[in-house]
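Structure data (PDB, C-alpha atoms) from model.pdb:
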```pdb
ATOM      1  CA  MET A   1     -12.929 -25.650  51.098
ATOM      2  CA  LYS A   2     -15.868 -26.717  49.007
ATOM      3  CA  TYR A   3     -16.302 -23.148  47.851
ATOM      4  CA  VAL A   4     -12.672 -22.793  46.893
ATOM      5  CA  ILE A   5     -12.859 -25.944  44.837
ATOM      6  CA  SER A   6     -16.006 -24.956  43.044
ATOM      7  CA  THR A   7     -14.573 -21.515  42.340
ATOM      8  CA  VAL A   8     -11.418 -23.026  40.904
ATOM      9  CA  LEU A   9     -13.482 -25.432  38.865
ATOM     10  CA  GLY A  10     -15.708 -22.599  37.709
ATOM     11  CA  ILE A  11     -12.775 -20.526  36.529
ATOM     12  CA  ALA A  12     -11.220 -23.534  34.829
ATOM     13  CA  VAL A  13     -14.387 -24.340  32.908
ATOM     14  CA  PHE A  14     -14.747 -20.680  32.036
ATOM     15  CA  ILE A  15     -11.227 -20.414  30.663
ATOM     16  CA  LEU A  16     -11.476 -23.646  28.730
ATOM     17  CA  SER A  17     -14.756 -22.759  27.120
ATOM     18  CA  ALA A  18     -13.576 -19.238  26.359
ATOM     19  CA  CYS A  19     -10.600 -20.568  24.449
ATOM     20  CA  ASN A  20     -12.658 -22.881  22.315
ATOM     21  CA  GLY A  21     -13.172 -20.484  19.458
ATOM     22  CA  ASN A  22      -9.472 -20.636  18.794
ATOM     23  CA  SER A  23      -9.081 -24.377  18.783
ATOM     24  CA  GLU A  24     -11.929 -24.845  16.330
ATOM     25  CA  LYS A  25      -9.775 -23.509  13.542
ATOM     26  CA  LYS A  26      -7.166 -26.120  14.301
ATOM     27  CA  ASN A  27      -9.744 -28.890  14.165
ATOM     28  CA  SER A  28     -10.855 -27.911  10.730
ATOM     29  CA  SER A  29      -7.315 -28.017   9.438
ATOM     30  CA  ALA A  30      -6.913 -31.509  10.839
ATOM     31  CA  GLU A  31     -10.058 -32.488   9.017
ATOM     32  CA  THR A  32      -8.614 -31.351   5.720
ATOM     33  CA  HIS A  33      -5.566 -33.512   6.239
ATOM     34  CA  THR A  34      -7.659 -36.646   6.036
ATOM     35  CA  ASP A  35      -9.273 -35.258   2.911
ATOM     36  CA  THR A  36      -6.031 -34.746   1.057
ATOM     37  CA  THR A  37      -5.638 -38.350   0.014
ATOM     38  CA  ALA A  38      -8.775 -38.094  -2.056
ATOM     39  CA  HIS A  39      -7.305 -35.020  -3.678
ATOM     40  CA  ALA A  40      -3.839 -36.465  -4.155
ATOM     41  CA  ASN A  41      -4.037 -35.725  -7.867
ATOM     42  CA  HIS A  42      -4.039 -32.015  -6.995
ATOM     43  CA  THR A  43      -0.539 -32.204  -5.698
ATOM     44  CA  ALA A  44       1.157 -35.366  -6.885
ATOM     45  CA  SER A  45       1.881 -34.256 -10.429
ATOM     46  CA  THR A  46       3.841 -31.168  -9.460
ATOM     47  CA  GLU A  47       7.510 -31.140 -10.278
ATOM     48  CA  PRO A  48       9.783 -30.074  -7.442
ATOM     49  CA  THR A  49      11.205 -27.179  -9.426
ATOM     50  CA  ILE A  50      10.774 -23.412  -9.364
ATOM     51  CA  PRO A  51       8.323 -23.505 -12.313
ATOM     52  CA  GLY A  52       6.490 -26.321 -10.470
ATOM     53  CA  LEU A  53       6.275 -24.096  -7.425
ATOM     54  CA  PHE A  54       4.818 -21.338  -9.583
ATOM     55  CA  GLY A  55       2.274 -23.821 -10.864
ATOM     56  CA  GLN A  56       1.110 -24.490  -7.306
ATOM     57  CA  TYR A  57       0.930 -20.783  -6.594
ATOM     58  CA  GLY A  58      -1.186 -20.421  -9.736
ATOM     59  CA  LYS A  59      -3.629 -23.042  -8.405
ATOM     60  CA  LEU A  60      -3.863 -21.141  -5.156
ATOM     61  CA  VAL A  61      -4.546 -17.858  -6.943
ATOM     62  CA  SER A  62      -7.175 -19.573  -9.041
ATOM     63  CA  ALA A  63      -8.877 -21.145  -5.995
ATOM     64  CA  LEU A  64      -9.121 -17.824  -4.171
ATOM     65  CA  SER A  65     -10.336 -15.958  -7.226
ATOM     66  CA  SER A  66     -13.192 -18.490  -7.258
ATOM     67  CA  ASP A  67     -13.843 -17.853  -3.537
ATOM     68  CA  ASP A  68     -12.979 -21.484  -2.806
ATOM     69  CA  ASP A  69     -11.311 -21.670   0.594
ATOM     70  CA  LYS A  70     -11.226 -25.459   0.570
ATOM     71  CA  GLU A  71      -9.464 -25.695  -2.762
ATOM     72  CA  ALA A  72      -7.089 -23.012  -1.464
ATOM     73  CA  VAL A  73      -6.185 -25.318   1.421
ATOM     74  CA  PHE A  74      -5.305 -28.133  -1.007
ATOM     75  CA  ALA A  75      -3.314 -25.796  -3.212
ATOM     76  CA  ALA A  76      -1.424 -24.383  -0.215
ATOM     77  CA  GLN A  77      -0.660 -27.880   1.023
ATOM     78  CA  GLY A  78       0.619 -28.749  -2.433
ATOM     79  CA  LEU A  79       2.703 -25.602  -2.461
ATOM     80  CA  VAL A  80       4.382 -26.402   0.833
ATOM     81  CA  LYS A  81       4.877 -30.022  -0.188
ATOM     82  CA  THR A  82       6.561 -28.944  -3.409
ATOM     83  CA  LEU A  83       8.715 -26.532  -1.454
ATOM     84  CA  TYR A  84       9.922 -29.278   0.864
ATOM     85  CA  SER A  85      10.989 -31.535  -1.992
ATOM     86  CA  LEU A  86      12.481 -28.813  -4.162
ATOM     87  CA  ASP A  87      15.872 -29.619  -5.612
ATOM     88  CA  THR A  88      18.239 -26.705  -5.047
ATOM     89  CA  THR A  89      21.475 -28.374  -6.143
ATOM     90  CA  ARG A  90      21.716 -26.486  -9.428
ATOM     91  CA  PHE A  91      21.123 -23.052  -7.957
ATOM     92  CA  SER A  92      23.925 -20.509  -8.116
ATOM     93  CA  ALA A  93      25.204 -19.169  -4.799
ATOM     94  CA  GLU A  94      23.270 -15.995  -5.404
ATOM     95  CA  GLN A  95      20.086 -17.851  -6.248
ATOM     96  CA  LEU A  96      20.464 -20.041  -3.199
ATOM     97  CA  LYS A  97      20.744 -17.005  -0.965
ATOM     98  CA  ALA A  98      17.605 -15.448  -2.443
ATOM     99  CA  TYR A  99      15.792 -18.776  -2.315
ATOM    100  CA  LYS A 100      16.540 -19.365   1.364
ATOM    101  CA  ASP A 101      15.061 -16.027   2.318
ATOM    102  CA  ILE A 102      12.037 -16.309   0.045
ATOM    103  CA  SER A 103      11.235 -19.967   0.684
ATOM    104  CA  ALA A 104      11.025 -19.443   4.451
ATOM    105  CA  SER A 105       8.324 -16.881   3.804
ATOM    106  CA  ILE A 106       6.514 -19.043   1.245
ATOM    107  CA  GLU A 107       6.463 -21.844   3.777
ATOM    108  CA  GLU A 108       5.049 -19.708   6.572
ATOM    109  CA  ASN A 109       2.417 -18.137   4.361
ATOM    110  CA  GLY A 110       1.510 -21.471   2.789
ATOM    111  CA  VAL A 111       1.097 -23.138   6.165
ATOM    112  CA  HIS A 112      -1.192 -20.313   7.297
ATOM    113  CA  ILE A 113      -3.398 -20.590   4.249
ATOM    114  CA  ALA A 114      -3.592 -24.369   4.653
ATOM    115  CA  ALA A 115      -4.602 -23.946   8.306
ATOM    116  CA  ASN A 116      -7.380 -21.442   7.641
ATOM    117  CA  LEU A 117     -10.206 -23.363   6.087
ATOM    118  CA  GLY A 118     -13.341 -21.274   6.600
ATOM    119  CA  ASN A 119     -11.435 -17.998   6.894
ATOM    120  CA  ILE A 120     -10.913 -16.888   3.322
ATOM    121  CA  HIS A 121     -10.204 -13.342   4.418
ATOM    122  CA  HIS A 122      -7.181 -14.545   6.346
ATOM    123  CA  GLN A 123      -6.101 -16.807   3.499
ATOM    124  CA  ARG A 124      -6.127 -13.777   1.227
ATOM    125  CA  GLU A 125      -4.028 -11.743   3.640
ATOM    126  CA  HIS A 126      -1.311 -14.325   3.305
ATOM    127  CA  LEU A 127      -1.734 -14.513  -0.459
ATOM    128  CA  VAL A 128      -0.744 -10.836  -0.595
ATOM    129  CA  MET A 129       2.558 -11.719   1.057
ATOM    130  CA  LEU A 130       3.011 -14.739  -1.211
ATOM    131  CA  GLY A 131       2.609 -12.416  -4.205
ATOM    132  CA  GLU A 132       5.692 -10.525  -3.081
ATOM    133  CA  ASP A 133       7.601 -13.736  -2.472
ATOM    134  CA  PHE A 134       6.852 -15.016  -5.955
ATOM    135  CA  TYR A 135       7.620 -11.667  -7.512
ATOM    136  CA  ASP A 136      11.092 -11.769  -5.970
ATOM    137  CA  LEU A 137      11.462 -15.397  -7.007
ATOM    138  CA  ALA A 138      10.595 -14.509 -10.598
ATOM    139  CA  LYS A 139      13.319 -11.870 -10.506
ATOM    140  CA  SER A 140      15.940 -14.421  -9.464
ATOM    141  CA  PHE A 141      15.012 -17.474 -11.529
ATOM    142  CA  ASP A 142      14.349 -18.266 -15.158
ATOM    143  CA  LEU A 143      10.799 -19.543 -15.420
ATOM    144  CA  GLY A 144      11.050 -20.392 -19.080
ATOM    145  CA  LYS A 145       8.144 -18.074 -19.898
ATOM    146  CA  PRO A 146       7.043 -14.568 -18.997
ATOM    147  CA  VAL A 147       4.822 -13.903 -15.976
ATOM    148  CA  TYR A 148       2.652 -10.859 -15.479
ATOM    149  CA  LYS A 149       2.385  -8.724 -12.413
ATOM    150  CA  ILE A 150      -1.230  -7.687 -11.989
ATOM    151  CA  ALA A 151      -2.053  -4.962  -9.480
ATOM    152  CA  CYS A 152      -5.328  -3.931  -7.890
ATOM    153  CA  PRO A 153      -4.756  -0.569  -6.164
ATOM    154  CA  LYS A 154      -8.127  -0.586  -4.361
ATOM    155  CA  PHE A 155      -7.533  -3.595  -2.154
ATOM    156  CA  ASN A 156      -6.895  -3.212   1.597
ATOM    157  CA  ASP A 157      -8.214   0.332   2.006
ATOM    158  CA  GLY A 158      -6.180   1.670  -0.879
ATOM    159  CA  LYS A 159      -2.904   0.058   0.113
ATOM    160  CA  GLY A 160      -3.158  -2.100  -2.967
ATOM    161  CA  ALA A 161      -2.016  -5.632  -3.687
ATOM    162  CA  PHE A 162      -0.714  -7.517  -6.682
ATOM    163  CA  TRP A 163      -0.496 -11.097  -7.838
ATOM    164  CA  LEU A 164       1.398 -12.936 -10.551
ATOM    165  CA  SER A 165      -0.094 -14.768 -13.480
ATOM    166  CA  GLU A 166       1.024 -16.655 -16.560
ATOM    167  CA  THR A 167      -1.778 -15.037 -18.525
ATOM    168  CA  LYS A 168      -3.017 -11.459 -18.800
ATOM    169  CA  GLU A 169      -6.503 -12.488 -17.839
ATOM    170  CA  ILE A 170      -7.772 -10.533 -14.814
ATOM    171  CA  LYS A 171      -9.388 -12.729 -12.174
ATOM    172  CA  ASN A 172      -8.782 -11.031  -8.870
ATOM    173  CA  PRO A 173      -7.943 -13.522  -6.093
ATOM    174  CA  TYR A 174      -8.285 -10.930  -3.324
ATOM    175  CA  TYR A 175     -11.878  -9.990  -4.053
ATOM    176  CA  GLY A 176     -13.175 -13.045  -5.892
ATOM    177  CA  ALA A 177     -16.686 -12.666  -7.273
ATOM    178  CA  LYS A 178     -17.145  -9.411  -5.366
ATOM    179  CA  MET A 179     -14.801  -7.545  -7.699
ATOM    180  CA  GLN A 180     -13.076 -10.032  -9.936
ATOM    181  CA  GLY A 181     -12.195  -7.411 -12.516
ATOM    182  CA  CYS A 182     -10.046  -5.249 -10.276
ATOM    183  CA  GLY A 183      -6.503  -5.254 -11.618
ATOM    184  CA  SER A 184      -4.295  -4.373 -14.530
ATOM    185  CA  VAL A 185      -0.988  -5.679 -15.805
ATOM    186  CA  THR A 186       1.737  -3.382 -14.512
ATOM    187  CA  GLU A 187       4.822  -5.400 -15.409
ATOM    188  CA  THR A 188       5.946  -8.284 -17.546
ATOM    189  CA  ILE A 189       8.724 -10.292 -15.967
ATOM    190  CA  ALA A 190      10.825 -12.268 -18.420
ATOM    191  CA  LYS A 191      14.331 -13.584 -18.015
ATOM    192  CA  ASN A 192      16.545 -14.298 -20.964
TER
ATOM    193  CA  MET B   1     -14.270 -35.926  46.287
ATOM    194  CA  GLY B   2     -12.126 -37.725  43.699
ATOM    195  CA  LEU B   3     -12.321 -34.694  41.439
ATOM    196  CA  ALA B   4     -11.287 -32.408  44.267
ATOM    197  CA  VAL B   5      -8.193 -34.504  44.875
ATOM    198  CA  ILE B   6      -7.302 -34.356  41.212
ATOM    199  CA  LEU B   7      -7.852 -30.610  41.091
ATOM    200  CA  ILE B   8      -5.661 -30.032  44.090
ATOM    201  CA  GLY B   9      -3.107 -32.525  42.842
ATOM    202  CA  ILE B  10      -2.595 -30.849  39.481
ATOM    203  CA  GLN B  11      -1.860 -27.546  41.184
ATOM    204  CA  PHE B  12       1.605 -28.937  41.939
ATOM    205  CA  PHE B  13       2.404 -29.416  38.269
ATOM    206  CA  GLN B  14       3.095 -25.969  36.954
ATOM    207  CA  PRO B  15       4.439 -25.258  33.461
ATOM    208  CA  LEU B  16       7.772 -23.443  33.153
ATOM    209  CA  ARG B  17       7.375 -19.712  33.426
ATOM    210  CA  ASN B  18       8.004 -17.484  30.452
ATOM    211  CA  GLN B  19      10.129 -14.773  32.043
ATOM    212  CA  ALA B  20      13.459 -13.239  31.021
ATOM    213  CA  ASP B  21      15.329 -10.665  33.039
ATOM    214  CA  GLU B  22      16.615  -8.135  30.546
ATOM    215  CA  VAL B  23      15.636  -6.623  27.228
ATOM    216  CA  PRO B  24      17.764  -8.524  24.679
ATOM    217  CA  ALA B  25      19.544  -6.879  21.733
ATOM    218  CA  THR B  26      17.114  -8.637  19.407
ATOM    219  CA  HIS B  27      14.037  -7.142  21.063
ATOM    220  CA  ILE B  28      11.851  -4.979  18.847
ATOM    221  CA  GLU B  29      12.489  -2.074  21.222
ATOM    222  CA  SER B  30      16.239  -2.513  20.733
ATOM    223  CA  VAL B  31      16.124  -2.566  16.934
ATOM    224  CA  TYR B  32      13.396   0.013  16.281
ATOM    225  CA  ALA B  33      12.332   3.247  17.912
ATOM    226  CA  VAL B  34       8.917   2.256  19.203
ATOM    227  CA  PRO B  35       6.848   5.357  20.055
ATOM    228  CA  GLN B  36       5.896   5.542  23.730
ATOM    229  CA  ASN B  37       2.150   5.198  23.175
ATOM    230  CA  VAL B  38       2.582   2.214  20.853
ATOM    231  CA  LYS B  39       4.946   0.541  23.281
ATOM    232  CA  ALA B  40       2.469   0.950  26.114
ATOM    233  CA  ILE B  41      -0.240  -0.774  24.075
ATOM    234  CA  LEU B  42       2.029  -3.618  22.986
ATOM    235  CA  VAL B  43       3.143  -4.231  26.570
ATOM    236  CA  GLN B  44      -0.402  -4.186  27.859
ATOM    237  CA  SER B  45      -2.083  -6.217  25.116
ATOM    238  CA  CYS B  46       0.472  -8.335  23.255
ATOM    239  CA  TYR B  47       3.665  -9.063  25.168
ATOM    240  CA  ASP B  48       2.125 -11.683  27.444
ATOM    241  CA  CYS B  49       1.885 -14.078  24.512
ATOM    242  CA  HIS B  50       4.366 -12.634  22.026
ATOM    243  CA  SER B  51       7.536 -11.992  24.013
ATOM    244  CA  ASN B  52       9.817 -13.789  26.428
ATOM    245  CA  ASN B  53       8.188 -11.929  29.278
ATOM    246  CA  THR B  54       4.753 -12.793  30.514
ATOM    247  CA  ARG B  55       3.256 -10.932  33.451
ATOM    248  CA  TYR B  56       1.480 -13.662  35.371
ATOM    249  CA  PRO B  57      -1.641 -12.709  37.291
ATOM    250  CA  TRP B  58      -2.507 -14.689  40.440
ATOM    251  CA  TYR B  59      -5.100 -16.881  38.738
ATOM    252  CA  SER B  60      -2.581 -18.029  36.153
ATOM    253  CA  ARG B  61      -1.187 -20.219  38.937
ATOM    254  CA  ILE B  62      -4.394 -22.192  39.020
ATOM    255  CA  GLN B  63      -4.588 -25.315  36.927
ATOM    256  CA  PRO B  64      -5.662 -26.199  34.322
ATOM    257  CA  GLY B  65      -5.711 -22.524  33.284
ATOM    258  CA  ALA B  66      -1.926 -22.283  33.612
ATOM    259  CA  TRP B  67      -1.385 -25.034  31.047
ATOM    260  CA  TYR B  68      -3.795 -23.384  28.731
ATOM    261  CA  MET B  69      -2.019 -20.059  29.003
ATOM    262  CA  ALA B  70       1.339 -21.790  28.457
ATOM    263  CA  GLU B  71      -0.016 -23.335  25.278
ATOM    264  CA  HIS B  72      -1.106 -19.909  24.006
ATOM    265  CA  ILE B  73       2.290 -18.467  24.803
ATOM    266  CA  LYS B  74       4.072 -21.295  23.005
ATOM    267  CA  LYS B  75       1.967 -20.923  19.868
ATOM    268  CA  GLY B  76       1.924 -17.147  20.082
ATOM    269  CA  LYS B  77       5.712 -16.949  20.275
ATOM    270  CA  GLU B  78       6.148 -19.297  17.340
ATOM    271  CA  GLU B  79       4.090 -16.926  15.253
ATOM    272  CA  LEU B  80       5.556 -13.712  16.543
ATOM    273  CA  ASN B  81       8.117 -13.033  19.251
ATOM    274  CA  PHE B  82       8.861  -9.387  19.970
ATOM    275  CA  SER B  83      11.896 -10.422  22.029
ATOM    276  CA  GLU B  84      13.462 -11.969  18.899
ATOM    277  CA  PHE B  85      12.098  -9.607  16.290
ATOM    278  CA  GLY B  86      15.573  -8.313  15.417
ATOM    279  CA  GLU B  87      16.603 -11.813  14.318
ATOM    280  CA  TYR B  88      13.872 -12.023  11.700
ATOM    281  CA  SER B  89      14.776 -11.439   8.064
ATOM    282  CA  ALA B  90      13.581  -8.137   6.560
ATOM    283  CA  ARG B  91      10.975 -10.092   4.647
ATOM    284  CA  ARG B  92       9.615 -11.770   7.781
ATOM    285  CA  GLN B  93       9.550  -8.477   9.676
ATOM    286  CA  ARG B  94       7.593  -6.875   6.856
ATOM    287  CA  ASN B  95       5.169  -9.809   6.808
ATOM    288  CA  LYS B  96       4.704  -9.592  10.551
ATOM    289  CA  PHE B  97       3.989  -5.859  10.570
ATOM    290  CA  ARG B  98       1.384  -6.467   7.920
ATOM    291  CA  ALA B  99      -0.109  -9.439   9.763
ATOM    292  CA  MET B 100      -0.218  -7.424  12.993
ATOM    293  CA  ALA B 101      -2.132  -4.632  11.296
ATOM    294  CA  GLY B 102      -4.560  -7.167   9.833
ATOM    295  CA  GLN B 103      -5.099  -8.993  13.109
ATOM    296  CA  VAL B 104      -5.725  -5.777  15.032
ATOM    297  CA  LYS B 105      -7.979  -4.347  12.352
ATOM    298  CA  ASP B 106     -10.075  -7.511  12.267
ATOM    299  CA  GLY B 107     -10.235  -7.687  16.058
ATOM    300  CA  GLU B 108      -8.553 -11.127  16.018
ATOM    301  CA  MET B 109      -5.790 -10.045  18.393
ATOM    302  CA  PRO B 110      -5.464  -9.975  21.329
ATOM    303  CA  LEU B 111      -7.312 -13.295  21.562
ATOM    304  CA  SER B 112     -10.823 -12.866  22.911
ATOM    305  CA  SER B 113     -10.311 -15.710  25.391
ATOM    306  CA  TYR B 114      -7.570 -13.556  26.896
ATOM    307  CA  THR B 115      -9.359 -10.195  26.941
ATOM    308  CA  LEU B 116     -12.318 -11.885  28.594
ATOM    309  CA  ILE B 117     -10.197 -12.052  31.722
ATOM    310  CA  HIS B 118      -7.564  -9.371  31.057
ATOM    311  CA  ARG B 119      -9.964  -6.510  30.565
ATOM    312  CA  ASN B 120      -7.191  -3.902  30.415
ATOM    313  CA  ALA B 121      -5.774  -5.611  27.314
ATOM    314  CA  VAL B 122      -8.879  -4.696  25.307
ATOM    315  CA  LEU B 123      -7.927  -2.263  22.533
ATOM    316  CA  SER B 124      -9.862   0.996  22.308
ATOM    317  CA  PRO B 125     -10.605   2.352  18.801
ATOM    318  CA  GLU B 126      -7.788   4.889  19.354
ATOM    319  CA  ASP B 127      -5.376   2.131  20.383
ATOM    320  CA  LYS B 128      -6.215   0.257  17.208
ATOM    321  CA  GLN B 129      -5.682   3.360  15.096
ATOM    322  CA  ASP B 130      -2.319   4.094  16.713
ATOM    323  CA  LEU B 131      -1.148   0.518  16.259
ATOM    324  CA  ILE B 132      -2.330   0.158  12.670
ATOM    325  CA  ALA B 133      -0.762   3.486  11.696
ATOM    326  CA  TRP B 134       2.591   2.541  13.194
ATOM    327  CA  PHE B 135       2.551  -0.990  11.779
ATOM    328  CA  GLY B 136       1.891   0.553   8.351
ATOM    329  CA  ILE B 137       4.794   2.989   8.664
ATOM    330  CA  MET B 138       7.110   0.183   9.731
ATOM    331  CA  GLU B 139       5.982  -2.133   6.952
ATOM    332  CA  ASP B 140       6.665   0.542   4.332
ATOM    333  CA  SER B 141      10.034   1.436   5.857
ATOM    334  CA  ILE B 142      11.322  -2.121   5.473
ATOM    335  CA  LYS B 143      10.594  -2.388   1.726
TER
END
```

Transcribe the structure of this file into structure tokens.
Amino acid sequence: MKYVISTVLGIAVFILSACNGNSEKKNSSAETHTDTTAHANHTASTEPTIPGLFGQYGKLVSALSSDDDKEAVFAAQGLVKTLYSLDTTRFSAEQLKAYKDISASIEENGVHIAANLGNIHHQREHLVMLGEDFYDLAKSFDLGKPVYKIACPKFNDGKGAFWLSETKEIKNPYYGAKMQGCGSVTETIAKN
Amino acid sequence: MGLAVILIGIQFFQPLRNQADEVPATHIESVYAVPQNVKAILVQSCYDCHSNNTRYPWYSRIQPGAWYMAEHIKKGKEELNFSEFGEYSARRQRNKFRAMAGQVKDGEMPLSSYTLIHRNAVLSPEDKQDLIAWFGIMEDSIK
């Protein structure tokens, strides 16, 4: 009986310790939650509107182009927070339909980026998807000013990725300092 | 001795099993033609945590490992559930195919804590190639 117990215990300890690597990530995201109060000014000023949402996305792009995973967490938290308080009452039926689809994806991607402090590679993977979400959003809503689609064909083994920007300045958020210049404006999106 | 009692005691508290009887209409295999080789890899290496059907090995009955596995399944299914894939929006499906390719390429999935014990879930370089290629085709087809 003693042997059975120690075997069971052994396996249990083994399994628990083996799974640790995974829970570490979660701890670090909890840590950032306590930090957010100090950074409240990063998020508080954002208007709960579509242009406000774009502003948060812009902060996220900027953080990742500076290789700053921590700032990316704050920006992603701000993005999700803005999303939750966004006022959709003035949207047309068509806009509302597009928004429902897109916002679910923005939320999921934003939450992932916020939860991945220390894993900038993974944050960037989700930024690629956010780029598509915001592109589709820009096609459905009037942002009051043009935005530029900037594409870097090299990224992800030649699959390519793009991001959106309010300026034509190229500061690649997928490579950061490693290849900040990769990208060119391929489209100007303007509603009138 | 106290510990032994606790260890034996907790064996009677088993989490609910994650097992469904049939392949639902929303299953990825119902909505897409999954090539045989890809399907075999998904079943072997991913379905335990990302579908409504987990194949439970004998040691998964032993606590506290069973709780731990249940926690992985719960989180894993929230992120990606092959049994409900057909219910996802086109956008979410596209995102998931891309995320799957990324996770496999980076060696993040299947979780290393799982492959440590389930050795046959380890992906060979060929498995990875097959998966990544198919995920890529699917991602592009949904655009």

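Here the PyMOL selection byres ((chain B) within 7 of (chain A)) matches the residues B:Ala4, B:Pro64, B:Gly65, B:Arg92, B:Asn95, B:Ser113.
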
(request) Find the distance between atom CA of A:Gly144 and atom CA of A:Thr82 and write it in Å to one decimal. (result)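 So the answer is 18.4 Å.
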
(message) Take the PyMOL selection byres ((chain B and resi 94) around 12), run it mentally on this structure, and tell me the resulting residues as a list in words.
(response)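 Here the PyMOL selection byres ((chain B and resi 94) around 12) matches Ser105, Val128, Met129, Glu132 and Asp133 of chain A; Phe85, Gly86, Tyr88, Ser89, Ala90, Arg91, Arg92, Gln93, Asn95, Lys96, Phe97, Arg98, Ala99, Met100, Ala101, Phe135, Gly136, Ile137, Met138, Glu139, Asp140, Ser141, Ile142 and Lys143 of chain B.
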
(message) Taking 4 positions as the minimum chain separation for residues in the same chain, which residues sit within 8 Å of A:Leu86 when counting all atoms listed in the file? Answer as a PyMOL selection string.
(response) chain A and resi 48-50+82

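Shortest separation to A:Lys154 among A:Ala138, A:Ser184, A:Gly131, A:Ile189 occurs at residue A:Ser184, atoms counted being only C-alpha atoms.
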
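The spacing separating atom CA of A:Thr167 from atom CA of A:Ser85 amounts to 26.6 Å.
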
(request) Specify as a PyMOL selection string each residue included when the PyMOL selection byres ((chain B and resi 38) around 10) is applied to this file. (result) chain B and resi 34-37+39-44+127-128+130-135

Keeping only C-alpha atoms, write those residues as a PDB file, in the frame of the given file.
```
ATOM      1  CA  VAL B  34       8.917   2.256  19.203  1.00  0.00           C
ATOM      2  CA  PRO B  35       6.848   5.357  20.055  1.00  0.00           C
ATOM      3  CA  GLN B  36       5.896   5.542  23.730  1.00  0.00           C
ATOM      4  CA  ASN B  37       2.150   5.198  23.175  1.00  0.00           C
ATOM      5  CA  LYS B  39       4.946   0.541  23.281  1.00  0.00           C
ATOM      6  CA  ALA B  40       2.469   0.950  26.114  1.00  0.00           C
ATOM      7  CA  ILE B  41      -0.240  -0.774  24.075  1.00  0.00           C
ATOM      8  CA  LEU B  42       2.029  -3.618  22.986  1.00  0.00           C
ATOM      9  CA  VAL B  43       3.143  -4.231  26.570  1.00  0.00           C
ATOM     10  CA  GLN B  44      -0.402  -4.186  27.859  1.00  0.00           C
ATOM     11  CA  ASP B 127      -5.376   2.131  20.383  1.00  0.00           C
ATOM     12  CA  LYS B 128      -6.215   0.257  17.208  1.00  0.00           C
ATOM     13  CA  ASP B 130      -2.319   4.094  16.713  1.00  0.00           C
ATOM     14  CA  LEU B 131      -1.148   0.518  16.259  1.00  0.00           C
ATOM     15  CA  ILE B 132      -2.330   0.158  12.670  1.00  0.00           C
ATOM     16  CA  ALA B 133      -0.762   3.486  11.696  1.00  0.00           C
ATOM     17  CA  TRP B 134       2.591   2.541  13.194  1.00  0.00           C
ATOM     18  CA  PHE B 135       2.551  -0.990  11.779  1.00  0.00           C
TER      19      PHE B 135
END
```

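The two atoms in question, atom CA of B:Asn52 and atom CA of B:Gln19, are spaced 5.7 Å apart.
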
(request) Name the closest residue to B:Ile28 among the candidates B:Glu84, B:Lys105, B:Ala70, B:Arg55; distances are taken between atoms, counting only C-alpha atoms. (result)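 Ranking B:Glu84, B:Lys105, B:Ala70, B:Arg55 by distance to B:Ile28, first place goes to B:Glu84.
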
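Closest approach to B:Tyr114 among B:Arg61, B:Lys77, B:His72, B:His27: B:His72, based on all atoms listed in the file.
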
(request) Kindly indicate which residue among A:Met179, A:Leu164, A:Leu53, A:Ile120 lies nearest to A:Asp68, using all atoms listed in the file for the distances. (result) A:Ile120

Output as lines of an AutoDock Vina configuration file the centre and edge lengths (Å, one decimal) of the box along x, y and z of the file that holds every listed atom of stretch 131-149 of chain A after adding 4 Å on each side.
```
center_x = 9.2
center_y = -14.6
center_z = -11.2
size_x = 21.6
size_y = 19.7
size_z = 25.4
```
